[in-house]
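Here is work.txt, consisting of compact mmCIF, N, CA and C atoms:
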```txt
# COMPACT_ATOMS: atom_id res chain seq x y z
N MET A 11 -19.77 -0.65 0.63
CA MET A 11 -18.96 0.50 0.25
C MET A 11 -17.70 0.52 1.10
N ASN A 12 -16.60 0.76 0.48
CA ASN A 12 -15.32 0.81 1.15
C ASN A 12 -15.03 2.24 1.57
N THR A 13 -14.88 2.46 2.88
CA THR A 13 -14.52 3.80 3.35
C THR A 13 -13.01 3.90 3.45
N GLY A 14 -12.52 5.08 3.68
CA GLY A 14 -11.08 5.26 3.82
C GLY A 14 -10.50 4.41 4.93
N ALA A 15 -11.18 4.37 6.08
CA ALA A 15 -10.69 3.58 7.21
C ALA A 15 -10.69 2.09 6.89
N ASP A 16 -11.71 1.63 6.17
CA ASP A 16 -11.80 0.22 5.81
C ASP A 16 -10.69 -0.21 4.85
N ALA A 17 -10.21 0.70 4.05
CA ALA A 17 -9.22 0.37 3.03
C ALA A 17 -7.87 -0.03 3.64
N ARG A 18 -7.55 0.48 4.82
CA ARG A 18 -6.27 0.16 5.49
C ARG A 18 -6.55 -0.17 6.95
N PRO A 19 -7.11 -1.36 7.22
CA PRO A 19 -7.45 -1.70 8.61
C PRO A 19 -6.24 -1.87 9.52
N ASP A 20 -5.05 -1.95 8.94
CA ASP A 20 -3.84 -2.02 9.75
C ASP A 20 -3.36 -0.63 10.18
N VAL A 21 -3.94 0.42 9.59
CA VAL A 21 -3.56 1.79 9.92
C VAL A 21 -4.72 2.55 10.57
N PHE A 22 -5.95 2.29 10.12
CA PHE A 22 -7.13 2.99 10.62
C PHE A 22 -8.18 2.00 11.11
N ASP A 23 -9.02 2.46 12.02
CA ASP A 23 -10.19 1.72 12.45
C ASP A 23 -11.35 2.70 12.47
N GLN A 24 -12.55 2.18 12.47
CA GLN A 24 -13.73 3.04 12.56
C GLN A 24 -14.62 2.48 13.66
N ARG A 25 -14.89 3.33 14.65
CA ARG A 25 -15.69 2.89 15.79
C ARG A 25 -17.12 2.59 15.36
N ASP A 26 -17.64 1.48 15.84
CA ASP A 26 -19.01 1.08 15.51
C ASP A 26 -20.04 2.03 16.10
N GLU A 27 -19.79 2.48 17.33
CA GLU A 27 -20.80 3.26 18.03
C GLU A 27 -21.06 4.65 17.43
N ASP A 28 -20.05 5.28 16.85
CA ASP A 28 -20.27 6.62 16.32
C ASP A 28 -19.62 6.87 14.95
N GLY A 29 -18.94 5.87 14.41
CA GLY A 29 -18.34 6.02 13.09
C GLY A 29 -17.05 6.82 13.05
N MET A 30 -16.56 7.24 14.20
CA MET A 30 -15.33 8.03 14.26
C MET A 30 -14.14 7.20 13.81
N VAL A 31 -13.31 7.78 12.97
CA VAL A 31 -12.10 7.10 12.50
C VAL A 31 -11.02 7.24 13.56
N GLU A 32 -10.35 6.13 13.85
CA GLU A 32 -9.26 6.11 14.81
C GLU A 32 -7.96 5.74 14.10
N LEU A 33 -6.92 6.43 14.43
CA LEU A 33 -5.60 6.16 13.87
C LEU A 33 -4.92 5.08 14.70
N LEU A 34 -4.55 3.99 14.08
CA LEU A 34 -3.88 2.89 14.77
C LEU A 34 -2.37 2.96 14.64
N ASP A 35 -1.89 3.52 13.55
CA ASP A 35 -0.45 3.59 13.30
C ASP A 35 -0.13 4.94 12.70
N ASP A 36 0.49 5.82 13.49
CA ASP A 36 0.76 7.18 13.00
C ASP A 36 2.04 7.27 12.18
N THR A 37 2.77 6.18 12.07
CA THR A 37 3.98 6.14 11.22
C THR A 37 4.00 4.82 10.45
N PRO A 38 3.07 4.65 9.52
CA PRO A 38 3.05 3.40 8.76
C PRO A 38 4.32 3.27 7.91
N PRO A 39 4.73 2.04 7.63
CA PRO A 39 5.93 1.84 6.83
C PRO A 39 5.76 2.42 5.42
N SER A 40 6.86 2.76 4.82
CA SER A 40 6.83 3.42 3.51
C SER A 40 6.09 2.62 2.45
N GLU A 41 6.09 1.30 2.56
CA GLU A 41 5.37 0.51 1.55
C GLU A 41 3.86 0.68 1.63
N LEU A 42 3.36 1.27 2.71
CA LEU A 42 1.92 1.53 2.84
C LEU A 42 1.53 2.97 2.49
N HIS A 43 2.49 3.83 2.26
CA HIS A 43 2.20 5.24 2.04
C HIS A 43 1.20 5.48 0.90
N ASP A 44 1.38 4.83 -0.23
CA ASP A 44 0.44 5.02 -1.34
C ASP A 44 -0.96 4.58 -0.96
N ALA A 45 -1.07 3.46 -0.26
CA ALA A 45 -2.38 2.96 0.16
C ALA A 45 -3.02 3.88 1.19
N VAL A 46 -2.23 4.44 2.08
CA VAL A 46 -2.76 5.38 3.07
C VAL A 46 -3.24 6.65 2.38
N ARG A 47 -2.49 7.13 1.39
CA ARG A 47 -2.94 8.30 0.62
C ARG A 47 -4.27 8.00 -0.08
N GLU A 48 -4.40 6.80 -0.62
CA GLU A 48 -5.65 6.40 -1.27
C GLU A 48 -6.79 6.37 -0.26
N SER A 49 -6.53 5.91 0.95
CA SER A 49 -7.55 5.90 2.00
C SER A 49 -8.06 7.31 2.26
N ALA A 50 -7.16 8.26 2.33
CA ALA A 50 -7.56 9.65 2.56
C ALA A 50 -8.38 10.17 1.38
N THR A 51 -8.01 9.79 0.18
CA THR A 51 -8.72 10.25 -1.02
C THR A 51 -10.15 9.71 -1.08
N ILE A 52 -10.33 8.45 -0.70
CA ILE A 52 -11.66 7.85 -0.85
C ILE A 52 -12.54 8.01 0.39
N CYS A 53 -12.02 8.57 1.46
CA CYS A 53 -12.81 8.73 2.69
C CYS A 53 -13.98 9.67 2.41
N PRO A 54 -15.23 9.17 2.51
CA PRO A 54 -16.38 9.98 2.14
C PRO A 54 -16.61 11.17 3.07
N ALA A 55 -16.11 11.11 4.29
CA ALA A 55 -16.31 12.21 5.24
C ALA A 55 -15.08 13.12 5.31
N THR A 56 -14.10 12.86 4.48
CA THR A 56 -12.80 13.56 4.52
C THR A 56 -12.26 13.62 5.95
N ALA A 57 -12.44 12.53 6.69
CA ALA A 57 -11.99 12.45 8.07
C ALA A 57 -10.51 12.13 8.17
N ILE A 58 -9.91 11.69 7.07
CA ILE A 58 -8.50 11.33 7.08
C ILE A 58 -7.73 12.42 6.34
N ARG A 59 -6.85 13.07 7.08
CA ARG A 59 -5.97 14.07 6.49
C ARG A 59 -4.53 13.66 6.78
N LEU A 60 -3.66 13.88 5.84
CA LEU A 60 -2.28 13.43 5.95
C LEU A 60 -1.33 14.60 6.06
N GLY A 61 -0.27 14.37 6.75
CA GLY A 61 0.82 15.31 6.81
C GLY A 61 2.12 14.56 6.52
N GLU A 62 3.00 15.17 5.82
CA GLU A 62 4.27 14.53 5.50
C GLU A 62 5.29 14.96 6.54
N SER A 63 6.08 13.99 7.01
CA SER A 63 7.15 14.32 7.94
C SER A 63 8.48 14.29 7.19
N SER A 64 9.43 15.00 7.74
CA SER A 64 10.73 15.06 7.07
C SER A 64 11.70 14.07 7.66
```

Using structure tokens, write down the structure that the file contains.
Amino acid sequence: MNTGADARPDVFDQRDEDGMVELLDDTPPSELHDAVRESATICPATAIRLGESS
């Protein structure tokens, strides 16, 4: 099963010991924005929330 963190390993990681999602890149390039949004959508624990910056 693909989790939200697994979908974008260049932006998110998931710790083995407790499953906590870690943010690796808090400002991913614009070409990844759609994929990052998809990661948040498919995250089964809703652990990924996004905010838009101006």

Expected answer as an MDAnalysis selection string: strand (DSSP E) residues in chain A: chainID A and resid 22:24 31:33

Option closest in space to Pro54 (chain A), from A:Asp28, A:Asp35, A:Asp16, A:Asp23 [counting only C-alpha atoms]: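 Going through A:Asp28, A:Asp35, A:Asp16, A:Asp23 one by one, the smallest distance to Pro54 (chain A) is for A:Asp16.
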
Distance of CA of Asp36 (chain A) from atom C of Glu48 (chain A), expressed in Å to one decimal place: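 A separation of 15.3 Å between them.
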
Backbone-only DSSP, helix (DSSP H, G or I) members of chain A, as a ChimeraX atom specification: /A:14-17,40-52

Gap from atom N of Ile52 (chain A) to atom C of Arg18 (chain A) - Å, one decimal: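 Going from atom N of Ile52 (chain A) over to atom C of Arg18 (chain A) covers 12.1 Å.
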
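With only C-alpha atoms as the atoms that count, the minimum distance from Thr37 (chain A) to the choices A:Ser63, A:Thr13, A:Thr51, A:Gln24 is reached by A:Ser63.
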